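Visitor: My structure is stored as protein.pdb, with PDB, C-alpha atoms.
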MODEL        1
ATOM      1  CA  MET A 201      48.200  40.221  74.797
ATOM      2  CA  ARG A 202      46.785  42.033  77.828
ATOM      3  CA  ARG A 203      49.786  40.910  79.917
ATOM      4  CA  LYS A 204      52.184  42.340  77.311
ATOM      5  CA  ARG A 205      50.371  45.705  77.381
ATOM      6  CA  LEU A 206      50.587  45.782  81.175
ATOM      7  CA  GLU A 207      54.321  45.127  81.034
ATOM      8  CA  ILE A 208      54.791  47.933  78.477
ATOM      9  CA  ASN A 209      52.784  50.349  80.640
ATOM     10  CA  LYS A 210      54.893  49.436  83.683
ATOM     11  CA  LYS A 211      58.074  50.150  81.728
ATOM     12  CA  ILE A 212      56.733  53.541  80.597
ATOM     13  CA  ILE A 213      55.773  54.461  84.166
ATOM     14  CA  LYS A 214      59.206  53.378  85.406
ATOM     15  CA  LEU A 215      60.944  55.545  82.770
ATOM     16  CA  VAL A 216      58.810  58.555  83.717
ATOM     17  CA  VAL A 217      59.626  58.108  87.422
ATOM     18  CA  ILE A 218      63.353  57.737  86.713
ATOM     19  CA  SER A 219      63.318  60.856  84.517
ATOM     20  CA  PHE A 220      61.500  62.844  87.203
ATOM     21  CA  ILE A 221      63.996  61.769  89.869
ATOM     22  CA  GLY A 222      66.856  62.746  87.552
ATOM     23  CA  ILE A 223      65.417  66.224  87.109
ATOM     24  CA  LEU A 224      65.144  66.650  90.892
ATOM     25  CA  VAL A 225      68.747  65.537  91.404
ATOM     26  CA  LEU A 226      70.056  67.909  88.749
ATOM     27  CA  SER A 227      68.052  70.761  90.248
ATOM     28  CA  GLY A 228      69.517  70.042  93.664
ATOM     29  CA  CYS A 229      73.057  70.141  92.251
ATOM     30  CA  SER A 230      72.641  73.464  90.484
ATOM     31  CA  SER A 231      74.040  76.718  91.901
ATOM     32  CA  VAL A 232      72.064  78.727  94.430
ATOM     33  CA  GLN A 233      69.358  80.725  92.720
ATOM     34  CA  PRO A 234      68.797  84.433  93.403
ATOM     35  CA  GLN A 235      66.155  85.185  96.004
ATOM     36  CA  ASN A 236      63.828  88.114  95.438
ATOM     37  CA  SER A 237      66.248  89.351  92.806
ATOM     38  CA  GLY A 238      64.019  90.154  89.859
ATOM     39  CA  ASP A 239      65.769  89.475  86.565
ATOM     40  CA  PHE A 240      69.336  89.301  87.933
ATOM     41  CA  GLN A 241      71.693  87.409  85.609
ATOM     42  CA  ASP A 242      75.122  86.519  86.952
ATOM     43  CA  ASN A 243      76.582  85.495  83.600
ATOM     44  CA  LYS A 244      76.627  88.942  82.013
ATOM     45  CA  LYS A 245      79.911  90.768  81.424
ATOM     46  CA  VAL A 246      81.097  92.999  84.295
ATOM     47  CA  ASP A 247      82.402  96.381  83.134
ATOM     48  CA  ILE A 248      84.160  97.294  86.375
ATOM     49  CA  LEU A 249      84.871  95.527  89.663
ATOM     50  CA  GLY A 250      86.176  97.661  92.483
ATOM     51  CA  THR A 251      85.534  99.873  95.485
ATOM     52  CA  LEU A 252      82.888 102.575  95.600
ATOM     53  CA  ILE A 253      85.095 105.460  96.685
ATOM     54  CA  LYS A 254      82.714 108.380  96.173
ATOM     55  CA  LEU A 255      78.929 108.668  96.308
ATOM     56  CA  THR A 256      76.847 111.680  95.271
ATOM     57  CA  LYS A 257      73.073 111.818  95.663
ATOM     58  CA  ASN A 258      70.648 114.042  93.765
ATOM     59  CA  GLN A 259      67.599 115.519  95.430
ATOM     60  CA  SER A 260      65.117 114.418  92.765
ATOM     61  CA  GLY A 261      64.652 113.485  89.120
ATOM     62  CA  GLU A 262      65.457 110.551  86.852
ATOM     63  CA  ILE A 263      69.127 110.535  87.879
ATOM     64  CA  LEU A 264      69.402 109.363  91.492
ATOM     65  CA  GLY A 265      73.061 110.305  91.754
ATOM     66  CA  SER A 266      76.502 109.085  90.781
ATOM     67  CA  ILE A 267      79.229 106.801  92.069
ATOM     68  CA  LEU A 268      82.968 106.720  91.490
ATOM     69  CA  VAL A 269      84.301 103.165  91.378
ATOM     70  CA  GLU A 270      88.001 102.341  91.496
ATOM     71  CA  GLY A 271      89.296  98.905  90.540
ATOM     72  CA  GLU A 272      92.777  97.439  90.527
ATOM     73  CA  LYS A 273      95.152  99.642  88.551
ATOM     74  CA  GLY A 274      95.326  98.489  84.935
ATOM     75  CA  SER A 275      92.381  96.100  85.233
ATOM     76  CA  LYS A 276      90.269  95.583  82.119
ATOM     77  CA  PRO A 277      88.108  96.858  80.613
ATOM     78  CA  TYR A 278      88.200  99.798  83.066
ATOM     79  CA  ASP A 279      90.033 100.468  86.320
ATOM     80  CA  GLN A 280      88.100 103.609  87.274
ATOM     81  CA  ALA A 281      84.671 104.866  86.290
ATOM     82  CA  SER A 282      82.329 107.736  87.101
ATOM     83  CA  ILE A 283      78.875 106.193  86.854
ATOM     84  CA  LYS A 284      75.396 107.719  86.788
ATOM     85  CA  VAL A 285      72.697 105.855  88.693
ATOM     86  CA  THR A 286      69.157 106.309  87.375
ATOM     87  CA  GLN A 287      65.646 105.197  88.281
ATOM     88  CA  LYS A 288      66.129 102.317  85.822
ATOM     89  CA  THR A 289      69.372 101.058  87.387
ATOM     90  CA  LYS A 290      68.925  97.657  89.042
ATOM     91  CA  ILE A 291      70.740  97.281  92.369
ATOM     92  CA  TYR A 292      71.392  93.974  94.151
ATOM     93  CA  GLU A 293      73.231  92.651  97.186
ATOM     94  CA  LYS A 294      75.099  89.412  96.596
ATOM     95  CA  SER A 295      76.419  87.050  99.256
ATOM     96  CA  ALA A 296      77.576  83.438  99.215
ATOM     97  CA  ASP A 297      74.114  81.919  99.350
ATOM     98  CA  LYS A 298      71.757  84.462  97.829
ATOM     99  CA  VAL A 299      71.147  87.562  95.747
ATOM    100  CA  VAL A 300      68.507  90.050  96.880
ATOM    101  CA  ASN A 301      67.130  93.312  95.585
ATOM    102  CA  SER A 302      68.527  96.512  97.039
ATOM    103  CA  ASN A 303      68.214 100.247  96.371
ATOM    104  CA  PHE A 304      70.249 103.408  95.886
ATOM    105  CA  ASP A 305      69.790 104.540  99.492
ATOM    106  CA  SER A 306      71.656 101.437 100.696
ATOM    107  CA  LEU A 307      74.811 102.356  98.772
ATOM    108  CA  GLN A 308      77.704 103.831 100.719
ATOM    109  CA  GLU A 309      81.371 104.525 100.237
ATOM    110  CA  ASN A 310      83.930 101.730 100.651
ATOM    111  CA  LEU A 311      81.586  99.001  99.416
ATOM    112  CA  ARG A 312      82.958  96.461  96.950
ATOM    113  CA  VAL A 313      80.789  96.444  93.833
ATOM    114  CA  GLU A 314      80.430  95.044  90.344
ATOM    115  CA  VAL A 315      78.868  97.362  87.769
ATOM    116  CA  ARG A 316      77.462  96.671  84.335
ATOM    117  CA  PHE A 317      76.987  99.656  82.035
ATOM    118  CA  ASN A 318      74.081 100.595  79.822
ATOM    119  CA  GLY A 319      74.512 102.671  76.679
ATOM    120  CA  PRO A 320      77.565 104.559  75.416
ATOM    121  CA  VAL A 321      80.734 105.016  77.469
ATOM    122  CA  ALA A 322      82.635 108.311  77.367
ATOM    123  CA  GLU A 323      86.282 107.270  77.029
ATOM    124  CA  SER A 324      87.719 109.929  79.343
ATOM    125  CA  TYR A 325      89.630 109.084  82.514
ATOM    126  CA  PRO A 326      87.879 108.001  84.497
ATOM    127  CA  VAL A 327      85.395 106.745  81.921
ATOM    128  CA  GLN A 328      81.846 108.034  82.271
ATOM    129  CA  ALA A 329      78.876 105.719  81.925
ATOM    130  CA  THR A 330      75.368 104.919  83.128
ATOM    131  CA  ALA A 331      74.775 101.895  85.345
ATOM    132  CA  ASP A 332      72.485  99.124  84.175
ATOM    133  CA  GLU A 333      73.216  96.941  87.217
ATOM    134  CA  ILE A 334      75.113  97.479  90.463
ATOM    135  CA  ILE A 335      75.907  94.391  92.533
ATOM    136  CA  VAL A 336      77.130  94.967  96.087
ATOM    137  CA  LEU A 337      79.503  92.153  97.094
ATOM    138  CA  LYS A 338      78.554  91.656 100.731
ATOM    139  CA  ASP A 339      81.164  88.993 101.491
ATOM    140  CA  GLU A 340      84.207  91.016 100.430
ATOM    141  CA  GLN A 341      86.046  92.968 103.112
ATOM    142  CA  ILE A 342      86.860  96.632 102.548
ATOM    143  CA  ASP A 343      89.983  98.361 103.816
ATOM    144  CA  THR A 344      88.746 101.725 105.113
ATOM    145  CA  ARG A 345      92.079 102.876 106.562
ATOM    146  CA  PRO A 346      93.259 106.329 105.454
ATOM    147  CA  SER A 347      95.537 106.029 102.449
ATOM    148  CA  ILE A 348      97.025 107.743  99.423
ATOM    149  CA  GLY A 349      97.341 105.532  96.371
ATOM    150  CA  LYS A 350      96.444 102.563  98.635
ATOM    151  CA  ILE A 351      99.516 103.187 100.805
ATOM    152  CA  HIS A 352      98.895 103.585 104.546
ATOM    153  CA  LEU A 353     100.905 104.914 107.439
ATOM    154  CA  GLY A 354     102.624 101.942 109.040
ATOM    155  CA  ASP A 355     102.952  99.952 105.805
ATOM    156  CA  SER A 356     106.241  98.111 105.312
ATOM    157  CA  GLN A 357     108.798  98.822 102.587
ATOM    158  CA  SER A 358     107.818  95.617 100.798
ATOM    159  CA  GLN A 359     104.159  96.682 100.752
ATOM    160  CA  VAL A 360     105.168 100.014  99.225
ATOM    161  CA  ASN A 361     107.305  98.198  96.636
ATOM    162  CA  GLU A 362     104.328  96.099  95.563
ATOM    163  CA  ILE A 363     102.386  99.254  94.698
ATOM    164  CA  LEU A 364     105.052 101.698  93.488
ATOM    165  CA  GLY A 365     107.850  99.405  92.355
ATOM    166  CA  THR A 366     111.527  99.631  93.243
ATOM    167  CA  VAL A 367     112.643 102.553  91.067
ATOM    168  CA  PHE A 368     113.007 105.693  93.180
ATOM    169  CA  LYS A 369     115.454 108.334  94.361
ATOM    170  CA  GLU A 370     116.349 107.928  98.042
ATOM    171  CA  GLU A 371     117.720 110.458 100.529
ATOM    172  CA  TYR A 372     118.825 109.529 104.046
ATOM    173  CA  PHE A 373     118.280 111.849 107.032
ATOM    174  CA  ALA A 374     120.195 110.889 110.161
ATOM    175  CA  GLU A 375     118.576 113.615 112.268
ATOM    176  CA  PRO A 376     115.016 112.540 113.124
ATOM    177  CA  GLY A 377     113.673 116.098 113.199
ATOM    178  CA  HIS A 378     109.975 115.868 114.015
ATOM    179  CA  PHE A 379     109.919 112.107 113.291
ATOM    180  CA  PRO A 380     110.659 109.553 116.048
ATOM    181  CA  GLU A 381     113.656 108.047 114.217
ATOM    182  CA  SER A 382     116.114 108.578 111.384
ATOM    183  CA  TRP A 383     114.422 108.235 108.025
ATOM    184  CA  ASN A 384     114.700 107.750 104.289
ATOM    185  CA  LYS A 385     112.736 109.778 101.775
ATOM    186  CA  ARG A 386     111.833 107.878  98.627
ATOM    187  CA  THR A 387     110.813 110.029  95.670
ATOM    188  CA  TYR A 388     109.101 108.376  92.700
ATOM    189  CA  GLU A 389     108.804 109.756  89.173
ATOM    190  CA  GLN A 390     105.044 109.145  89.272
ATOM    191  CA  GLY A 391     104.637 112.148  91.587
ATOM    192  CA  ILE A 392     104.602 110.620  95.045
ATOM    193  CA  SER A 393     107.117 110.538  97.895
ATOM    194  CA  VAL A 394     107.219 108.220 100.895
ATOM    195  CA  ILE A 395     109.089 108.684 104.167
ATOM    196  CA  VAL A 396     110.171 105.386 105.714
ATOM    197  CA  GLY A 397     111.648 105.015 109.204
ATOM    198  CA  LYS A 398     115.206 103.674 109.121
ATOM    199  CA  ASP A 399     114.788 101.348 112.102
ATOM    200  CA  SER A 400     111.085 100.493 111.892
ATOM    201  CA  GLY A 401     111.014 100.129 108.099
ATOM    202  CA  GLN A 402     107.485 101.549 108.192
ATOM    203  CA  VAL A 403     105.825 104.424 106.348
ATOM    204  CA  LEU A 404     105.845 107.523 108.556
ATOM    205  CA  GLU A 405     104.470 110.011 106.042
ATOM    206  CA  LEU A 406     103.601 110.277 102.360
ATOM    207  CA  GLU A 407     102.533 112.968  99.951
ATOM    208  CA  THR A 408     101.571 113.265  96.310
ATOM    209  CA  THR A 409     101.204 115.913  93.637
ATOM    210  CA  SER A 410      99.739 113.475  91.111
ATOM    211  CA  ALA A 411      96.080 112.704  90.407
ATOM    212  CA  GLN A 412      97.243 109.125  89.842
ATOM    213  CA  PHE A 413      97.136 108.554  93.607
ATOM    214  CA  PRO A 414      93.686 109.310  95.086
ATOM    215  CA  THR A 415      92.900 108.999  98.766
ATOM    216  CA  ASN A 416      90.759 106.163 100.086
ATOM    217  CA  LYS A 417      87.804 108.577  99.878
ATOM    218  CA  GLY A 418      88.443 109.323  96.220
ATOM    219  CA  SER A 419      89.883 112.834  96.525
ATOM    220  CA  LYS A 420      92.930 113.648  94.415
ATOM    221  CA  THR A 421      95.107 116.517  93.283
ATOM    222  CA  GLY A 422      93.402 118.665  90.686
ATOM    223  CA  ASP A 423      90.024 118.355  92.417
ATOM    224  CA  MET A 424      88.183 121.525  93.371
ATOM    225  CA  ALA A 425      88.998 122.454  96.957
ATOM    226  CA  LYS A 426      85.359 122.922  97.922
ATOM    227  CA  GLY A 427      84.416 119.392  96.848
ATOM    228  CA  VAL A 428      87.368 117.878  98.696
ATOM    229  CA  PHE A 429      86.670 119.892 101.847
ATOM    230  CA  ASP A 430      83.003 118.839 101.725
ATOM    231  CA  ASN A 431      84.039 115.212 101.204
ATOM    232  CA  TYR A 432      86.246 115.171 104.298
ATOM    233  CA  GLY A 433      84.377 117.728 106.373
ATOM    234  CA  SER A 434      81.267 115.538 106.381
ATOM    235  CA  ASP A 435      83.115 112.702 108.143
ATOM    236  CA  TYR A 436      86.066 114.225 110.001
ATOM    237  CA  LYS A 437      86.865 117.081 112.357
ATOM    238  CA  GLN A 438      88.898 119.958 111.051
ATOM    239  CA  PHE A 439      92.291 120.185 112.737
ATOM    240  CA  GLU A 440      92.705 123.070 115.173
ATOM    241  CA  SER A 441      95.876 125.111 115.352
ATOM    242  CA  ARG A 442      98.089 124.542 118.383
ATOM    243  CA  HIS A 443      98.904 128.242 118.309
ATOM    244  CA  GLY A 444      95.357 129.378 119.036
ATOM    245  CA  ASP A 445      94.523 130.342 115.457
ATOM    246  CA  GLY A 446      91.380 128.206 115.276
ATOM    247  CA  LYS A 447      90.562 125.575 112.677
ATOM    248  CA  VAL A 448      93.049 125.094 109.853
ATOM    249  CA  ALA A 449      91.514 124.935 106.371
ATOM    250  CA  GLY A 450      92.321 121.725 104.520
ATOM    251  CA  PHE A 451      93.566 119.828 107.606
ATOM    252  CA  TYR A 452      91.414 116.902 108.823
ATOM    253  CA  GLU A 453      91.816 114.561 111.799
ATOM    254  CA  LEU A 454      91.323 110.962 110.650
ATOM    255  CA  GLY A 455      91.504 109.249 114.023
ATOM    256  CA  ASP A 456      94.322 107.311 115.690
ATOM    257  CA  GLY A 457      96.480 110.439 115.521
ATOM    258  CA  GLN A 458      96.483 110.523 111.717
ATOM    259  CA  ILE A 459      95.879 113.708 109.775
ATOM    260  CA  ILE A 460      95.439 114.500 106.092
ATOM    261  CA  ILE A 461      96.436 117.825 104.569
ATOM    262  CA  PHE A 462      95.198 119.298 101.294
ATOM    263  CA  ASP A 463      97.536 122.058 100.108
ATOM    264  CA  LEU A 464      96.158 124.494  97.540
ATOM    265  CA  ASP A 465      99.491 126.174  96.740
ATOM    266  CA  LYS A 466     102.497 123.880  96.965
ATOM    267  CA  ASP A 467     104.868 126.605  95.721
ATOM    268  CA  ASP A 468     104.391 129.002  98.650
ATOM    269  CA  ASN A 469     106.525 126.879 101.026
ATOM    270  CA  SER A 470     103.636 126.638 103.486
ATOM    271  CA  LEU A 471     100.971 124.028 104.138
ATOM    272  CA  LEU A 472      98.569 126.707 105.365
ATOM    273  CA  ASN A 473      95.865 127.713 102.899
ATOM    274  CA  GLN A 474      95.551 131.460 103.203
ATOM    275  CA  ALA A 475      93.441 132.812 100.341
ATOM    276  CA  ILE A 476      90.926 130.161  99.286
ATOM    277  CA  LYS A 477      88.964 131.057  96.154
ATOM    278  CA  THR A 478      85.925 129.439  94.571
ATOM    279  CA  ASP A 479      88.132 127.990  91.823
ATOM    280  CA  SER A 480      90.959 126.843  94.122
ATOM    281  CA  LYS A 481      92.191 123.319  93.452
ATOM    282  CA  VAL A 482      94.163 120.793  95.472
ATOM    283  CA  LYS A 483      97.828 120.803  94.448
ATOM    284  CA  MET A 484      99.322 118.448  97.036
ATOM    285  CA  ILE A 485      98.016 115.864  99.521
ATOM    286  CA  ARG A 486      99.940 114.724 102.593
ATOM    287  CA  LEU A 487      99.087 111.896 104.987
ATOM    288  CA  THR A 488     100.943 112.143 108.279
ATOM    289  CA  ARG A 489     100.455 112.165 112.038
ATOM    290  CA  ALA A 490      99.460 115.165 114.129
ATOM    291  CA  ASP A 491     102.507 114.529 116.342
ATOM    292  CA  PHE A 492     104.777 115.210 113.366
ATOM    293  CA  LEU A 493     103.429 118.712 112.719
ATOM    294  CA  ASP A 494     105.373 121.750 113.895
TER     295      ASP A 494
ENDMDL
END
Just give me the structure of the file as structure tokens.

Guide:
Amino acid sequence: MRRKRLEINKKIIKLVVISFIGILVLSGCSSVQPQNSGDFQDNKKVDILGTLIKLTKNQSGEILGSILVEGEKGSKPYDQASIKVTQKTKIYEKSADKVVNSNFDSLQENLRVEVRFNGPVAESYPVQATADEIIVLKDEQIDTRPSIGKIHLGDSQSQVNEILGTVFKEEYFAEPGHFPESWNKRTYEQGISVIVGKDSGQVLELETTSAQFPTNKGSKTGDMAKGVFDNYGSDYKQFESRHGDGKVAGFYELGDGQIIIFDLDKDDNSLLNQAIKTDSKVKMIRLTRADFLD
């Protein structure tokens, strides 16, 4: 009888040990757990995935500031959102092997982020919401090159086609003018035109009159001139006239010979902004090279 009890006890102990080992194995096979990440949950629905293209910080108060996030065009549920960041917003940095807590001061433009909203969403365009969580995707590379509507100087015709499609009106100019080669001007109904070199097949210049095509820093036509000038003036030098007239309002040197121009009156047949008022708005944006200016 005693021997039978001993055998039963041994079996029970063996089952307990096997169960414990099984739990350890399953734990080892599970996905990497967040480190120092509070109550981060990776299985919640993401409201927008995209690039943080504009960041505004408040001096004090419950609202820390706001971010403008742009996703892939047409992505669901939202492809662009203006988002308030509050004291209650949880901010994380996520990489391949860990998730850690972060803060509002660590946010900067051109970061790839996921955002989950909290509360009602104002269905304007872009939508307006309050962030519950912001997750900075540390492993994703960001293209910080100057662009309009994600088109850059030097892009190929096929790259332009991927973004704008193949429906456009085209004019050919045999005389190079201020460009280094003959060129084709493609005009799209969406409100953007692209100049492509005939021999190089590359984008030499582009301009837009449509808010559908923001710059890589989030500025677009229809924006107040002061906000746009502040946005670019904080990072770039203002272009200086070659004719000794000093700095040119709305012209910014982007590096590598590139220049961006914000025209406040596209109907005056001049890129120069003469009378800038407090309510002046951007009417046209051009991305070109300083060498191509008269």

Visitor: Can you tell me, as a PyMOL selection string, what residues are no more than 10 Å from A:Gln287 when counting all atoms listed in the file, ignoring any on the same chain fewer than 4 positions away?

Guide: chain A and resi 261-265+303-304

Visitor: Any chance you could work out the residue set of the PyMOL selection byres ((chain A and resi 340-350) around 6) here, as a PyMOL selection string?

Guide: chain A and resi 337-339+351-352+413-416

Visitor: Find the residue from A:Thr408, A:Val336, A:Lys483, A:Asn473 that sits nearest to A:Val448; use all atoms listed in the file when measuring.

Guide: A:Asn473

Visitor: On this structure, which residues satisfy the PyMOL selection byres ((chain A and resi 400) around 10), written as a list in words?

Guide: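 Checking the PyMOL selection byres ((chain A and resi 400) around 10) against this file, the residues are Gly354, Ser356, Gln357, Pro380, Glu381, Ser382, Trp383, Val396, Gly397, Lys398, Asp399, Gly401, Gln402, Val403 and Leu404 of chain A.
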
Visitor: Would you mind telling me which residue in A:Gln390, A:Glu323, A:Lys481, A:Ile334 lies nearest to A:Val300 when using only C-alpha atoms?

Guide: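 For A:Val300, the nearest of the candidates is A:Ile334.
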
Visitor: So what do you get for atom CA of A:Asp463 versus atom CA of A:Asp435, distance-wise?

Guide: 19.0 Å

Visitor: How many Å lie between atom CA of A:Lys257 and atom CA of A:Thr289, rounded to one decimal?

Guide: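 Interatomic distance, atom CA of A:Lys257 to atom CA of A:Thr289: 14.1 Å.
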
Visitor: If you apply the PyMOL selection byres ((chain A and resi 292) around 8) to this file, what residues do you get, as number ranges by chain?

Guide: A: 237, 290-291, 293-294, 299-303, 333-336

Visitor: Would you write out those residues with C-alpha atoms, as a PDB file, keeping the file's coordinate frame?

Guide:
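Just written: part25.pdb:
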ATOM      1  CA  SER A 237      66.248  89.351  92.806  1.00  0.00           C
ATOM      2  CA  LYS A 290      68.925  97.657  89.042  1.00  0.00           C
ATOM      3  CA  ILE A 291      70.740  97.281  92.369  1.00  0.00           C
ATOM      4  CA  GLU A 293      73.231  92.651  97.186  1.00  0.00           C
ATOM      5  CA  LYS A 294      75.099  89.412  96.596  1.00  0.00           C
ATOM      6  CA  VAL A 299      71.147  87.562  95.747  1.00  0.00           C
ATOM      7  CA  VAL A 300      68.507  90.050  96.880  1.00  0.00           C
ATOM      8  CA  ASN A 301      67.130  93.312  95.585  1.00  0.00           C
ATOM      9  CA  SER A 302      68.527  96.512  97.039  1.00  0.00           C
ATOM     10  CA  ASN A 303      68.214 100.247  96.371  1.00  0.00           C
ATOM     11  CA  GLU A 333      73.216  96.941  87.217  1.00  0.00           C
ATOM     12  CA  ILE A 334      75.113  97.479  90.463  1.00  0.00           C
ATOM     13  CA  ILE A 335      75.907  94.391  92.533  1.00  0.00           C
ATOM     14  CA  VAL A 336      77.130  94.967  96.087  1.00  0.00           C
TER      15      VAL A 336
END

Visitor: Could you please determine the separation between atom CA of A:Ser470 and atom CA of A:Gly455 in Å, to one decimal place?

Guide: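 Atom CA of A:Gly455 lies 23.7 Å from atom CA of A:Ser470.
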
Visitor: Have a look at A:Lys254, A:Lys426, A:Arg386, A:Lys298 and name the one nearest to A:Leu311; count only C-alpha atoms.

Guide: A:Lys254

Visitor: Using only C-alpha atoms, which residue out of A:Glu375, A:Gln328, A:Glu314, A:Ile248 lies closest to A:Ser266?

Guide: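 When distances to A:Ser266 are compared using only C-alpha atoms, the smallest one comes from A:Gln328.
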
Visitor: Within 7 Å of A:Glu405, counting only C-alpha atoms, which residues qualify if same-chain residues fewer than 2 places away don't, as an NGL selection string?

Guide: :A and (353 or 394-395 or 403 or 487-488)

Visitor: (100.7, 115.6, 116.7) in this file's frame - what residues fall within 10 Å of it? Use only C-alpha atoms and give the answer as a PDB file with C-alpha atoms, keeping the file's coordinate frame.

Guide:
ATOM      1  CA  HIS A 378     109.975 115.868 114.015  1.00  0.00           C
ATOM      2  CA  ARG A 442      98.089 124.542 118.383  1.00  0.00           C
ATOM      3  CA  GLY A 457      96.480 110.439 115.521  1.00  0.00           C
ATOM      4  CA  GLN A 458      96.483 110.523 111.717  1.00  0.00           C
ATOM      5  CA  ILE A 459      95.879 113.708 109.775  1.00  0.00           C
ATOM      6  CA  THR A 488     100.943 112.143 108.279  1.00  0.00           C
ATOM      7  CA  ARG A 489     100.455 112.165 112.038  1.00  0.00           C
ATOM      8  CA  ALA A 490      99.460 115.165 114.129  1.00  0.00           C
ATOM      9  CA  ASP A 491     102.507 114.529 116.342  1.00  0.00           C
ATOM     10  CA  PHE A 492     104.777 115.210 113.366  1.00  0.00           C
ATOM     11  CA  LEU A 493     103.429 118.712 112.719  1.00  0.00           C
ATOM     12  CA  ASP A 494     105.373 121.750 113.895  1.00  0.00           C
TER      13      ASP A 494
END

Visitor: Go ahead and find all residues with at least one atom no further than 10 Å from (85.8, 114.5, 94.3) in the file's coordinates, using only C-alpha atoms; report them as a VMD selection string.

Guide: chain A and resid 253 to 256 268 414 417 to 431

Visitor: Of the candidates A:Arg486, A:Lys245, A:Lys288, A:Lys447, which shows the shortest atom-to-atom distance to A:Lys276, using only C-alpha atoms?

Guide: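 Nearest to A:Lys276: A:Lys245.
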